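Colleague: Got a file for you: input-v2.cif, mmCIF, C-alpha atoms and all ligand atoms.
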```cif
data_protein
loop_
_atom_site.label_atom_id
_atom_site.label_comp_id
_atom_site.auth_asym_id
_atom_site.auth_seq_id
_atom_site.Cartn_x
_atom_site.Cartn_y
_atom_site.Cartn_z
CA MET M 1 -11.91 -9.51 14.19
CA SER M 2 -10.54 -12.55 16.03
CA GLN M 3 -6.78 -13.03 16.29
CA THR M 4 -5.17 -15.73 14.14
CA PRO M 5 -7.70 -18.04 12.51
CA THR M 6 -7.49 -21.69 13.61
CA PRO M 7 -6.35 -24.39 11.12
CA GLU M 8 -9.93 -25.66 11.06
CA THR M 9 -11.26 -22.22 10.10
CA ILE M 10 -8.60 -21.89 7.40
CA ASN M 11 -9.33 -25.34 5.96
CA ASN M 12 -13.03 -24.61 5.97
CA ALA M 13 -12.36 -21.43 3.97
CA ILE M 14 -10.11 -23.24 1.48
CA ALA M 15 -12.86 -25.80 0.87
CA ALA M 16 -15.22 -23.02 -0.23
CA PHE M 17 -13.17 -22.07 -3.32
CA GLN M 18 -12.83 -23.56 -6.79
CA LEU M 19 -9.19 -24.66 -6.53
CA GLU M 20 -7.35 -26.95 -8.91
CA GLY M 21 -6.31 -30.17 -7.12
CA SER M 22 -6.46 -30.99 -3.44
CA PRO M 23 -4.97 -28.73 -0.77
CA ARG M 24 -1.83 -30.22 0.72
CA ASN M 25 -0.14 -27.46 2.69
CA VAL M 26 -0.99 -24.00 4.10
CA HIS M 27 1.23 -21.48 5.80
CA SER M 28 1.28 -17.80 6.69
CA TYR M 29 2.82 -15.65 4.01
CA GLY M 30 4.15 -12.14 3.35
CA ASN M 31 4.65 -9.05 5.50
CA GLY M 32 1.44 -7.08 5.02
CA HIS M 33 0.20 -5.02 7.97
CA ILE M 34 -3.52 -5.46 7.32
CA ASN M 35 -4.84 -8.77 5.98
CA ASP M 36 -3.99 -12.33 7.07
CA THR M 37 -2.27 -13.91 4.09
CA PHE M 38 -1.66 -17.64 3.53
CA LEU M 39 0.02 -19.63 0.80
CA VAL M 40 -2.03 -22.70 -0.09
CA THR M 41 -0.35 -25.47 -2.06
CA CYS M 42 -2.55 -27.94 -3.90
CA ASP M 43 -1.66 -31.20 -5.54
CA ALA M 44 -3.21 -31.14 -9.04
CA ALA M 45 -2.59 -34.53 -10.66
CA GLY M 46 1.02 -34.59 -9.47
CA LYS M 47 1.59 -30.91 -10.30
CA GLU M 48 1.85 -28.20 -7.67
CA LYS M 49 -0.67 -25.37 -7.85
CA ASN M 50 -0.31 -22.46 -5.42
CA TYR M 51 -2.85 -19.91 -4.26
CA ILE M 52 -2.90 -16.85 -2.02
CA LEU M 53 -5.71 -17.10 0.52
CA GLN M 54 -6.51 -13.94 2.46
CA ARG M 55 -8.74 -13.23 5.38
CA MET M 56 -9.73 -9.64 4.69
CA ASN M 57 -9.54 -7.32 7.63
CA HIS M 58 -13.17 -6.33 7.88
CA SER M 59 -12.63 -4.14 10.94
CA ILE M 60 -10.68 -1.92 8.56
CA PHE M 61 -12.50 -2.65 5.32
CA ARG M 62 -16.05 -2.34 6.59
CA ASN M 63 -17.64 -3.47 3.36
CA PRO M 64 -15.67 -6.45 1.96
CA GLN M 65 -18.34 -7.04 -0.68
CA ALA M 66 -17.85 -3.55 -2.12
CA LEU M 67 -14.08 -3.98 -1.86
CA MET M 68 -14.20 -7.21 -3.87
CA GLU M 69 -16.40 -5.54 -6.47
CA ASN M 70 -13.64 -2.96 -6.91
CA VAL M 71 -10.91 -5.61 -7.12
CA ALA M 72 -12.86 -7.77 -9.58
CA GLY M 73 -13.72 -4.72 -11.71
CA VAL M 74 -10.20 -3.32 -11.81
CA THR M 75 -8.52 -6.68 -12.45
CA SER M 76 -10.86 -7.60 -15.34
CA TYR M 77 -10.32 -4.17 -16.82
CA LEU M 78 -6.53 -4.51 -16.58
CA GLN M 79 -6.64 -8.07 -17.95
CA GLU M 80 -8.37 -6.75 -21.05
CA LYS M 81 -5.72 -4.05 -21.53
CA ILE M 82 -2.94 -6.60 -21.02
CA ARG M 83 -4.51 -8.90 -23.62
CA GLU M 84 -4.73 -6.01 -26.10
CA ARG M 85 -0.99 -5.49 -25.85
CA ASN M 86 -0.30 -9.23 -26.05
CA GLY M 87 0.87 -9.40 -22.45
CA ASP M 88 0.16 -12.22 -20.02
CA PRO M 89 -3.08 -11.41 -18.12
CA ASP M 90 -2.46 -14.26 -15.66
CA ARG M 91 0.85 -12.81 -14.48
CA GLU M 92 0.65 -9.07 -15.04
CA THR M 93 -2.35 -8.51 -12.79
CA LEU M 94 -4.23 -10.40 -10.12
CA SER M 95 -7.28 -12.54 -10.89
CA VAL M 96 -10.00 -13.42 -8.46
CA VAL M 97 -10.71 -17.12 -7.83
CA LYS M 98 -14.43 -17.76 -7.40
CA THR M 99 -16.03 -19.72 -4.61
CA LYS M 100 -17.95 -22.89 -5.42
CA ALA M 101 -21.07 -20.74 -5.18
CA GLY M 102 -19.67 -18.47 -7.90
CA GLU M 103 -18.88 -15.52 -5.61
CA ASN M 104 -15.76 -13.38 -5.36
CA TYR M 105 -15.40 -14.01 -1.64
CA PHE M 106 -16.56 -16.37 1.10
CA VAL M 107 -18.06 -15.50 4.48
CA ASP M 108 -17.71 -18.22 7.13
CA SER M 109 -19.91 -18.88 10.15
CA LEU M 110 -17.59 -16.75 12.32
CA HIS M 111 -18.16 -13.80 10.01
CA ASN M 112 -14.64 -13.95 8.55
CA PHE M 113 -14.37 -12.74 4.93
CA TRP M 114 -12.04 -14.74 2.69
CA ARG M 115 -10.75 -14.42 -0.89
CA VAL M 116 -8.31 -16.30 -3.10
CA PHE M 117 -5.94 -15.23 -5.89
CA PRO M 118 -3.82 -17.57 -7.99
CA PHE M 119 -0.26 -17.31 -6.66
CA ILE M 120 1.85 -15.59 -9.31
CA GLU M 121 4.75 -18.01 -9.68
CA ASN M 122 8.39 -17.24 -10.23
CA THR M 123 8.21 -13.80 -8.64
CA PHE M 124 9.63 -12.09 -5.59
CA CYS M 125 8.82 -8.93 -3.74
CA LEU M 126 11.22 -6.48 -2.15
CA GLU M 127 11.03 -5.14 1.39
CA LYS M 128 13.93 -2.81 0.66
CA VAL M 129 15.43 -1.41 -2.55
CA GLU M 130 18.46 -3.49 -3.53
CA ASN M 131 19.45 -1.50 -6.59
CA ALA M 132 18.29 1.64 -8.38
CA ARG M 133 17.16 -0.28 -11.46
CA ASP M 134 14.50 -2.15 -9.45
CA PHE M 135 13.20 1.09 -7.98
CA TYR M 136 13.06 2.67 -11.42
CA ASP M 137 10.99 -0.29 -12.67
CA CYS M 138 8.74 -0.03 -9.67
CA ALA M 139 8.17 3.68 -10.45
CA VAL M 140 7.33 2.96 -14.08
CA ALA M 141 4.94 0.19 -12.98
CA PHE M 142 3.07 2.39 -10.48
CA GLY M 143 2.97 5.32 -12.94
CA ASP M 144 1.73 3.02 -15.66
CA PHE M 145 -0.87 1.49 -13.33
CA GLN M 146 -2.34 4.93 -12.81
CA ARG M 147 -2.16 5.82 -16.48
CA GLN M 148 -3.90 2.58 -17.51
CA LEU M 149 -6.73 3.31 -15.11
CA ALA M 150 -7.16 6.88 -16.39
CA ASP M 151 -10.30 5.95 -18.32
CA TYR M 152 -11.66 3.48 -15.73
CA PRO M 153 -15.22 4.45 -14.74
CA ALA M 154 -14.23 6.02 -11.43
CA GLY M 155 -17.86 6.46 -10.40
CA THR M 156 -18.24 2.67 -10.11
CA LEU M 157 -15.47 2.43 -7.50
CA HIS M 158 -16.53 2.18 -3.86
CA GLU M 159 -14.59 4.13 -1.28
CA THR M 160 -13.22 1.15 0.68
CA ILE M 161 -11.84 3.31 3.50
CA PRO M 162 -13.48 6.71 3.70
CA LEU M 163 -11.10 9.69 3.66
CA PHE M 164 -8.16 7.30 3.35
CA HIS M 165 -5.54 9.90 2.39
CA TYR M 166 -7.47 12.95 3.55
CA THR M 167 -4.61 14.17 5.72
CA PRO M 168 -6.61 16.84 7.62
CA SER M 169 -8.96 14.17 8.94
CA ARG M 170 -5.99 11.88 9.77
CA PHE M 171 -4.66 14.83 11.77
CA GLN M 172 -7.96 15.18 13.65
CA ASP M 173 -7.88 11.45 14.48
CA PHE M 174 -4.33 11.85 15.71
CA LYS M 175 -5.21 14.85 17.89
CA LYS M 176 -8.12 12.91 19.36
CA ALA M 177 -5.82 9.99 20.20
CA VAL M 178 -3.48 12.39 21.99
CA ALA M 179 -6.35 14.04 23.89
CA ASP M 180 -7.99 10.72 24.89
CA ASP M 181 -4.67 8.97 25.62
CA PRO M 182 -6.61 5.88 26.77
CA LEU M 183 -3.52 3.89 27.82
CA GLY M 184 -1.44 6.73 29.22
CA ARG M 185 1.12 6.30 26.45
CA ALA M 186 1.33 9.94 25.35
CA ALA M 187 4.01 10.73 27.93
CA SER M 188 6.32 8.21 26.25
CA ALA M 189 5.90 9.88 22.86
CA GLN M 190 5.98 13.60 23.65
CA PRO M 191 8.75 14.61 21.17
CA GLU M 192 6.94 12.74 18.38
CA ILE M 193 3.59 14.31 19.32
CA ASP M 194 5.17 17.78 19.28
CA PHE M 195 6.80 17.09 15.93
CA ALA M 196 3.45 16.13 14.42
CA LEU M 197 1.51 19.03 15.96
CA ALA M 198 4.06 21.54 14.69
CA ARG M 199 3.28 20.56 11.11
CA GLU M 200 -0.49 20.98 11.16
CA ALA M 201 -0.36 23.65 8.43
CA ASP M 202 1.08 21.11 5.96
CA THR M 203 -1.84 18.74 6.37
CA HIS M 204 -4.01 20.85 4.04
CA ALA M 205 -1.40 21.39 1.35
CA LEU M 206 -2.80 18.93 -1.18
CA THR M 207 -6.46 18.61 -0.21
CA ASP M 208 -7.03 22.38 -0.46
CA LEU M 209 -5.77 22.32 -4.05
CA LEU M 210 -7.96 19.30 -4.78
CA GLU M 211 -10.98 21.09 -3.37
CA LYS M 212 -10.21 24.19 -5.43
CA GLY M 213 -10.08 21.99 -8.54
CA GLU M 214 -6.40 22.72 -9.12
CA LEU M 215 -5.34 19.09 -8.71
CA PRO M 216 -7.19 16.37 -10.65
CA LEU M 217 -8.84 13.42 -8.95
CA ARG M 218 -7.60 10.22 -10.60
CA VAL M 219 -8.00 6.49 -10.05
CA THR M 220 -5.02 5.70 -7.87
CA HIS M 221 -3.63 2.70 -5.98
CA ASN M 222 -3.17 4.52 -2.67
CA ASP M 223 -0.86 1.92 -1.09
CA THR M 224 2.20 1.94 -3.32
CA LYS M 225 4.61 0.33 -0.88
CA LEU M 226 7.54 -1.39 -2.44
CA ASN M 227 6.25 -4.80 -1.32
CA ASN M 228 3.03 -4.28 -3.26
CA ILE M 229 4.84 -5.02 -6.51
CA LEU M 230 5.83 -8.49 -7.71
CA PHE M 231 9.07 -8.71 -9.71
CA ASP M 232 9.72 -11.46 -12.23
CA ASN M 233 12.48 -13.85 -11.09
CA ASP M 234 13.84 -14.34 -14.61
CA THR M 235 13.79 -10.80 -15.98
CA ARG M 236 13.90 -8.98 -12.61
CA LYS M 237 11.30 -6.60 -14.08
CA ALA M 238 8.37 -5.20 -12.08
CA LEU M 239 5.64 -7.54 -13.25
CA CYS M 240 2.46 -7.06 -11.26
CA VAL M 241 0.95 -4.42 -8.98
CA ILE M 242 -0.84 -6.16 -6.11
CA ASP M 243 -2.78 -5.22 -2.95
CA LEU M 244 -5.64 -3.53 -4.77
CA ASP M 245 -7.80 -2.99 -1.67
CA THR M 246 -7.45 0.77 -1.73
CA VAL M 247 -7.75 1.43 -5.47
CA MET M 248 -10.04 4.45 -5.34
CA PRO M 249 -10.20 8.00 -6.62
CA GLY M 250 -7.18 9.86 -5.23
CA LEU M 251 -4.22 12.06 -6.10
CA SER M 252 -1.26 10.94 -8.19
CA LEU M 253 0.84 12.49 -5.43
CA TYR M 254 -0.36 9.87 -2.96
CA ASP M 255 1.04 7.08 -5.10
CA PHE M 256 4.30 8.89 -5.74
CA GLY M 257 4.69 9.81 -2.08
CA ASP M 258 4.01 6.41 -0.58
CA SER M 259 6.65 4.77 -2.77
CA ILE M 260 9.24 7.38 -1.82
CA ARG M 261 8.34 6.85 1.84
CA THR M 262 9.10 3.15 1.59
CA GLY M 263 11.66 2.83 -1.20
CA ALA M 264 13.83 5.96 -0.94
CA ASN M 265 14.22 5.54 2.82
CA THR M 266 17.72 4.27 3.63
CA GLY M 267 16.33 2.23 6.55
CA ALA M 268 13.40 -0.03 7.29
CA GLU M 269 9.99 1.33 8.26
CA ASP M 270 10.49 -0.04 11.78
CA GLU M 271 14.23 0.59 12.20
CA THR M 272 15.07 1.51 15.81
CA ASP M 273 18.44 3.10 15.00
CA LEU M 274 17.28 6.43 13.61
CA SER M 275 20.76 7.30 12.39
CA LYS M 276 20.05 4.79 9.59
CA ILE M 277 17.01 6.72 8.37
CA GLU M 278 17.53 9.25 5.59
CA LEU M 279 16.05 10.21 2.26
CA ASP M 280 18.27 8.78 -0.45
CA LEU M 281 18.28 11.64 -2.97
CA SER M 282 19.63 9.51 -5.74
CA LEU M 283 16.73 7.04 -5.29
CA PHE M 284 14.34 9.99 -5.10
CA GLU M 285 15.62 11.07 -8.50
CA THR M 286 15.42 7.56 -9.91
CA PHE M 287 11.82 7.17 -8.80
CA THR M 288 10.83 10.61 -10.07
CA GLU M 289 12.17 9.80 -13.53
CA GLY M 290 10.51 6.37 -13.58
CA PHE M 291 7.16 7.67 -12.36
CA LEU M 292 7.07 10.44 -14.97
CA THR M 293 7.92 7.87 -17.63
CA GLY M 294 5.17 5.52 -16.38
CA CYS M 295 2.61 8.34 -16.28
CA ALA M 296 3.64 9.13 -19.87
CA GLY M 297 2.88 12.83 -19.91
CA SER M 298 -0.41 12.55 -18.07
CA LEU M 299 0.61 14.60 -15.00
CA THR M 300 -0.15 18.32 -14.94
CA PRO M 301 2.66 20.85 -14.30
CA LEU M 302 1.23 21.48 -10.81
CA GLU M 303 1.19 17.75 -9.97
CA ILE M 304 4.83 17.52 -11.02
CA GLU M 305 5.80 20.58 -9.04
CA LEU M 306 4.15 19.10 -5.95
CA LEU M 307 5.90 15.71 -6.08
CA PRO M 308 8.20 16.63 -3.15
CA MET M 309 5.14 17.66 -1.13
CA GLY M 310 3.49 14.33 -2.00
CA ALA M 311 6.54 12.51 -0.62
CA LYS M 312 6.66 14.57 2.55
CA LEU M 313 2.95 14.46 3.23
CA MET M 314 2.53 10.72 2.69
CA THR M 315 5.46 10.12 5.06
CA TYR M 316 4.04 12.52 7.64
CA GLU M 317 0.55 11.05 7.31
CA CYS M 318 1.83 7.52 7.80
CA GLY M 319 3.77 8.76 10.84
CA ILE M 320 0.66 10.23 12.50
CA ARG M 321 -1.31 7.08 11.67
CA PHE M 322 1.33 4.89 13.36
CA LEU M 323 1.57 7.25 16.32
CA ALA M 324 -2.21 7.47 16.79
CA ASP M 325 -2.40 3.67 16.63
CA TYR M 326 0.32 3.38 19.29
CA LEU M 327 -1.61 5.79 21.52
CA VAL M 328 -4.94 3.99 21.20
CA GLY M 329 -3.46 0.52 21.78
CA ASP M 330 -2.31 -0.87 18.40
CA VAL M 331 -5.73 -1.66 17.02
CA TYR M 332 -5.05 -1.05 13.30
CA PHE M 333 -1.57 -2.05 12.14
CA LYS M 334 -0.28 -5.53 13.03
CA ILE M 335 2.55 -5.28 15.53
CA HIS M 336 5.26 -7.82 16.31
CA ARG M 337 6.80 -6.24 19.39
CA GLU M 338 6.03 -3.67 22.08
CA ARG M 339 6.14 -0.07 20.87
CA HIS M 340 6.35 -1.29 17.27
CA ASN M 341 4.01 1.46 16.07
CA LEU M 342 5.96 4.08 18.01
CA ASP M 343 9.18 2.88 16.35
CA ARG M 344 7.45 3.11 12.98
CA ALA M 345 6.22 6.65 13.71
CA ARG M 346 9.75 7.68 14.68
CA THR M 347 11.24 6.53 11.38
CA GLN M 348 8.56 8.39 9.45
CA PHE M 349 9.20 11.63 11.32
CA LYS M 350 12.96 11.25 10.96
CA LEU M 351 12.40 10.89 7.23
CA VAL M 352 10.13 13.95 7.14
CA ALA M 353 12.79 15.98 8.97
CA ASP M 354 15.40 14.82 6.49
CA MET M 355 13.17 15.77 3.56
CA GLU M 356 12.78 19.23 5.06
CA LYS M 357 16.59 19.51 5.14
CA LYS M 358 16.87 18.31 1.56
CA TRP M 359 13.90 20.28 0.21
CA LYS M 360 15.93 22.38 -2.21
CA GLU M 361 17.62 19.30 -3.69
CA MET M 362 14.26 17.54 -4.00
CA THR M 363 12.67 20.45 -5.85
CA ASP M 364 15.75 20.79 -8.10
CA ILE M 365 15.51 17.11 -8.99
CA VAL M 366 11.86 17.49 -9.94
CA THR M 367 12.58 20.60 -12.02
CA ARG M 368 15.31 18.71 -13.87
CA ALA M 369 13.13 15.65 -14.44
CA LYS M 370 10.30 17.79 -15.85
CA LYS M 371 12.40 18.97 -18.75
P1 LIG M 401 -1.64 -6.73 2.85
O1 LIG M 401 -2.82 -5.90 2.47
O2 LIG M 401 -1.78 -7.31 4.20
O3 LIG M 401 -0.36 -5.95 2.65
P2 LIG M 401 -1.05 -8.10 0.32
O4 LIG M 401 -2.22 -8.30 -0.60
O5 LIG M 401 -0.11 -7.02 -0.02
O6 LIG M 401 -1.60 -7.97 1.83
O7 LIG M 401 -0.27 -9.49 0.39
C1 LIG M 401 0.79 -9.71 1.29
C2 LIG M 401 1.98 -10.32 0.57
O8 LIG M 401 1.60 -11.56 -0.07
C3 LIG M 401 2.55 -9.47 -0.57
O9 LIG M 401 3.47 -8.50 -0.11
C4 LIG M 401 3.21 -10.54 -1.47
O10 LIG M 401 4.45 -10.93 -0.92
C5 LIG M 401 2.28 -11.74 -1.31
N1 LIG M 401 1.26 -11.88 -2.38
C6 LIG M 401 0.01 -11.35 -2.37
N2 LIG M 401 -0.67 -11.72 -3.47
C7 LIG M 401 0.16 -12.50 -4.21
C8 LIG M 401 0.02 -13.24 -5.46
N3 LIG M 401 -1.12 -13.24 -6.15
N4 LIG M 401 1.09 -13.94 -5.89
C9 LIG M 401 2.25 -13.97 -5.20
N5 LIG M 401 2.43 -13.32 -4.01
C10 LIG M 401 1.41 -12.60 -3.52
C1 LIG M 402 -0.66 -0.76 5.27
O1 LIG M 402 -1.47 -3.40 3.67
P1 LIG M 402 -0.10 -2.83 3.65
O2 LIG M 402 0.81 -3.43 4.65
O3 LIG M 402 0.41 -2.88 2.21
C2 LIG M 402 -1.67 0.37 5.10
C3 LIG M 402 -1.02 1.53 4.34
C4 LIG M 402 0.18 2.03 5.11
C5 LIG M 402 1.14 0.87 5.33
C6 LIG M 402 2.30 1.27 6.21
C7 LIG M 402 -5.19 -0.40 4.04
O4 LIG M 402 -0.27 -1.25 4.00
O5 LIG M 402 -1.96 2.59 4.20
O6 LIG M 402 0.83 3.06 4.41
O7 LIG M 402 0.48 -0.26 5.96
N1 LIG M 402 -2.84 -0.12 4.38
C8 LIG M 402 -4.07 0.19 4.81
O8 LIG M 402 3.32 0.34 6.07
O9 LIG M 402 -4.29 0.91 5.78
MG MG M 403 0.56 -5.24 0.93
#
```
Rewrite the structure of this file - the entire thing - as structure tokens.
Modeller:
Amino acid sequence: MSQTPTPETINNAIAAFQLEGSPRNVHSYGNGHINDTFLVTCDAAGKEKNYILQRMNHSIFRNPQALMENVAGVTSYLQEKIRERNGDPDRETLSVVKTKAGENYFVDSLHNFWRVFPFIENTFCLEKVENARDFYDCAVAFGDFQRQLADYPAGTLHETIPLFHYTPSRFQDFKKAVADDPLGRAASAQPEIDFALAREADTHALTDLLEKGELPLRVTHNDTKLNNILFDNDTRKALCVIDLDTVMPGLSLYDFGDSIRTGANTGAEDETDLSKIELDLSLFETFTEGFLTGCAGSLTPLEIELLPMGAKLMTYECGIRFLADYLVGDVYFKIHRERHNLDRARTQFKLVADMEKKWKEMTDIVTRAKK
């Protein structure tokens, strides 16, 4: 995929969609690592109307058409559920804006894939937890998201990234990156490589149980970072789960774990001062309680027991993904400075090490929350 799209390419994409009013202003938006996101402001008879325009990363999502089928299917399904409970379907989930040709996405002459969502107004998203209440709400929202999709026809969902959270295959990719070492970077990351290699046995912990049928496959979000939730400005409640690109069959533990990785970390994902990185046990407890409330009794005893493992494994997996990407030349995650992916890997491994130290407290918290 080409680097940043030119203004002409962006304007050409905007013109393909059924927007209210005429586009007046476009600028880059958000902090996602994958897609190129823009805020488009239109003038609709003197009123402002905002949209999110995204160039989907089709090097990563190899079948954008299938991806948009998933997003359109899941959002219409959620809209129906929201209507049934007299909620606001325009604010509590995303909706897909059609192109003038009536499609869910637009392909331009450069083979860029574009989509548009109405901008959900009067919301904010958090890069870091500011208070426990927000994190609790976030946990309820992600738990509830999973619960609401429990009867979604999972067979109709396309696998947008094969083996996305299949940690053993992530580990193989990581080992290959170390062995190939195409840029000679491995020498600068030896302690991190050793840390990751030493934990190979863990990589199978969840997938073995899934394969044995002891953990249920559910429809999960699979990318439950804190900044994939919009909060309402007025009520400060978690309003809308966004970034639905990886909604696929998965384990509840993936969704739990990825939120802990991002929200219960005392530092930022790319913090360079590792002394700032720790697992905040109190936030771990808050999220556990909120998630169990959101899942409303739908988790099995084994899923609950494995919540700490979900947290550790998602953090570890993200660490080996960042590290492998550093080794192969930063081809997957957007970077904003040299060694950015190495810095990210280091925070993840520091967090894993801290979880290992706090394992007993984590399991005690889960046992308490279960009751
Ligand atoms: P990525 O896959 O790159 O993470 P996201 O879909 O998460 O992309 O979007 C990036 C950011 O854009 C989000 O973190 C959020 O701040 C903002 N955003 C995305 N969709 C909307 C929307 N419909 N309304 C308001 N903000 C949005
Ligand atoms: C990516 O798209 P974004 O920024 O929400 C990635 C996640 C990683 C995360 C790490 C499709 O999420 O899997 O956990 O970065 N998404 C994809 O911050 O690979
Ligand atoms: Mg995102």
Colleague: Excluding Lys334 of chain M and residues on its chain fewer than 3 positions from it, collect all residues at most 12 Å away from it, counting all atoms listed in the file, and give them as an MDAnalysis selection string.
Modeller: chainID M and resid 3:4 31:36 57 60 322 325:326 329:331 337:341 344
Colleague: Could you please take those selected residues and save C-alpha atoms as a PDB file, keeping the file's coordinate frame?
Modeller:
```
ATOM      1  CA  GLN M   3      -6.780 -13.030  16.290  1.00  0.00           C
ATOM      2  CA  THR M   4      -5.170 -15.730  14.140  1.00  0.00           C
ATOM      3  CA  ASN M  31       4.650  -9.050   5.500  1.00  0.00           C
ATOM      4  CA  GLY M  32       1.440  -7.080   5.020  1.00  0.00           C
ATOM      5  CA  HIS M  33       0.200  -5.020   7.970  1.00  0.00           C
ATOM      6  CA  ILE M  34      -3.520  -5.460   7.320  1.00  0.00           C
ATOM      7  CA  ASN M  35      -4.840  -8.770   5.980  1.00  0.00           C
ATOM      8  CA  ASP M  36      -3.990 -12.330   7.070  1.00  0.00           C
ATOM      9  CA  ASN M  57      -9.540  -7.320   7.630  1.00  0.00           C
ATOM     10  CA  ILE M  60     -10.680  -1.920   8.560  1.00  0.00           C
ATOM     11  CA  PHE M 322       1.330   4.890  13.360  1.00  0.00           C
ATOM     12  CA  ASP M 325      -2.400   3.670  16.630  1.00  0.00           C
ATOM     13  CA  TYR M 326       0.320   3.380  19.290  1.00  0.00           C
ATOM     14  CA  GLY M 329      -3.460   0.520  21.780  1.00  0.00           C
ATOM     15  CA  ASP M 330      -2.310  -0.870  18.400  1.00  0.00           C
ATOM     16  CA  VAL M 331      -5.730  -1.660  17.020  1.00  0.00           C
ATOM     17  CA  ARG M 337       6.800  -6.240  19.390  1.00  0.00           C
ATOM     18  CA  GLU M 338       6.030  -3.670  22.080  1.00  0.00           C
ATOM     19  CA  ARG M 339       6.140  -0.070  20.870  1.00  0.00           C
ATOM     20  CA  HIS M 340       6.350  -1.290  17.270  1.00  0.00           C
ATOM     21  CA  ASN M 341       4.010   1.460  16.070  1.00  0.00           C
ATOM     22  CA  ARG M 344       7.450   3.110  12.980  1.00  0.00           C
TER      23      ARG M 344
END
```
Colleague: For the atom pair atom C6 of ligand LIG 402 (chain M) and atom CA of Phe38 of chain M, what is the interatomic distance in Å to one decimal place?
Modeller: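 These atoms are spaced 19.5 Å apart.
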Colleague: Nearest to Val352 of chain M: which of M:Glu20, M:Glu192, M:Asp243, M:Asp208 is it, counting only C-alpha atoms?
Modeller: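 Among the listed residues, M:Glu192 lies closest to Val352 of chain M.
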Colleague: Figure out the distance between atom CA of Arg62 of chain M and atom CA of Thr93 of chain M, please, to one decimal in Å.
Modeller: 24.5 Å
Colleague: Please give me, as a ChimeraX atom specification, the residues lying within 8 Å of ligand LIG 402 (chain M) when counting all atoms listed in the file.
Modeller: /M:31-35,60-61,161,164,222-225,227-228,243,245-246,258,262,269,318,332-333
Colleague: In Å, with one decimal, what is the gap from atom N5 of ligand LIG 401 (chain M) to atom CA of Ile120 of chain M?
Modeller: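 Between atom N5 of ligand LIG 401 (chain M) and atom CA of Ile120 of chain M the gap is 5.8 Å.
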Colleague: Using only C-alpha atoms and all ligand atoms, which of M:Val219, M:Ala150, M:Leu244, M:Ala66 sits nearest ligand LIG 401 (chain M)?
Modeller: M:Leu244
Colleague: Which residues are close to Lys370 of chain M, i.e. within 9 Å by all atoms listed in the file, leaving aside same-chain residues fewer than 5 positions away? Reply as a ChimeraX atom specification.
Modeller: /M:289,292,301,304-305,365
Colleague: Point out the residue among M:His27, M:His111, M:Lys212, M:Arg170 with the least atom-to-atom distance to ligand LIG 401 (chain M), counting only C-alpha atoms and all ligand atoms.
Modeller: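 Closest residue, counting only C-alpha atoms and all ligand atoms: M:His27.
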Colleague: When distances are computed from only C-alpha atoms, which of M:Glu159, M:Asp173, M:Glu48, M:Glu103 shows the smallest separation from Arg321 of chain M?
Modeller: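 The answer is M:Asp173, which sits nearest to Arg321 of chain M.
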Colleague: If you take every atom of segment 21-32 of chain M that the file lists and fit an axis-aligned box around them with 3 Å extra on each side, what centre and edge lengths come out in Å to one decimal, as JSON?
Modeller:
```
{"center_x": -0.9, "center_y": -19.0, "center_z": -0.2, "size_x": 17.1, "size_y": 29.9, "size_z": 19.8}
```
Colleague: Set the distance at 12 Å and use only C-alpha atoms: which residues neighbour Val241 of chain M once local chain neighbours fewer than 2 positions away are removed? I'd like the list as a ChimeraX atom specification.
Modeller: /M:74-75,78,91-95,120,123,125,137-146,220-232,237-239,243-245,247
Colleague: Store the residues of this selection in a file with C-alpha atoms, as a compact mmCIF listing (two decimals), in the coordinates of the input.
Modeller:
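File written: again-v5.txt
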```txt
# COMPACT_ATOMS: atom_id res chain seq x y z
CA VAL M 74 -10.20 -3.32 -11.81
CA THR M 75 -8.52 -6.68 -12.45
CA LEU M 78 -6.53 -4.51 -16.58
CA ARG M 91 0.85 -12.81 -14.48
CA GLU M 92 0.65 -9.07 -15.04
CA THR M 93 -2.35 -8.51 -12.79
CA LEU M 94 -4.23 -10.40 -10.12
CA SER M 95 -7.28 -12.54 -10.89
CA ILE M 120 1.85 -15.59 -9.31
CA THR M 123 8.21 -13.80 -8.64
CA CYS M 125 8.82 -8.93 -3.74
CA ASP M 137 10.99 -0.29 -12.67
CA CYS M 138 8.74 -0.03 -9.67
CA ALA M 139 8.17 3.68 -10.45
CA VAL M 140 7.33 2.96 -14.08
CA ALA M 141 4.94 0.19 -12.98
CA PHE M 142 3.07 2.39 -10.48
CA GLY M 143 2.97 5.32 -12.94
CA ASP M 144 1.73 3.02 -15.66
CA PHE M 145 -0.87 1.49 -13.33
CA GLN M 146 -2.34 4.93 -12.81
CA THR M 220 -5.02 5.70 -7.87
CA HIS M 221 -3.63 2.70 -5.98
CA ASN M 222 -3.17 4.52 -2.67
CA ASP M 223 -0.86 1.92 -1.09
CA THR M 224 2.20 1.94 -3.32
CA LYS M 225 4.61 0.33 -0.88
CA LEU M 226 7.54 -1.39 -2.44
CA ASN M 227 6.25 -4.80 -1.32
CA ASN M 228 3.03 -4.28 -3.26
CA ILE M 229 4.84 -5.02 -6.51
CA LEU M 230 5.83 -8.49 -7.71
CA PHE M 231 9.07 -8.71 -9.71
CA ASP M 232 9.72 -11.46 -12.23
CA LYS M 237 11.30 -6.60 -14.08
CA ALA M 238 8.37 -5.20 -12.08
CA LEU M 239 5.64 -7.54 -13.25
CA ASP M 243 -2.78 -5.22 -2.95
CA LEU M 244 -5.64 -3.53 -4.77
CA ASP M 245 -7.80 -2.99 -1.67
CA VAL M 247 -7.75 1.43 -5.47
```
Colleague: Ranking M:Asp280, M:Glu127, M:Asp255, M:Glu285 by minimum distance to ligand MG 403 (chain M) and counting all atoms listed in the file, which one comes first?
Modeller: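 For ligand MG 403 (chain M), the nearest of the candidates is M:Glu127.
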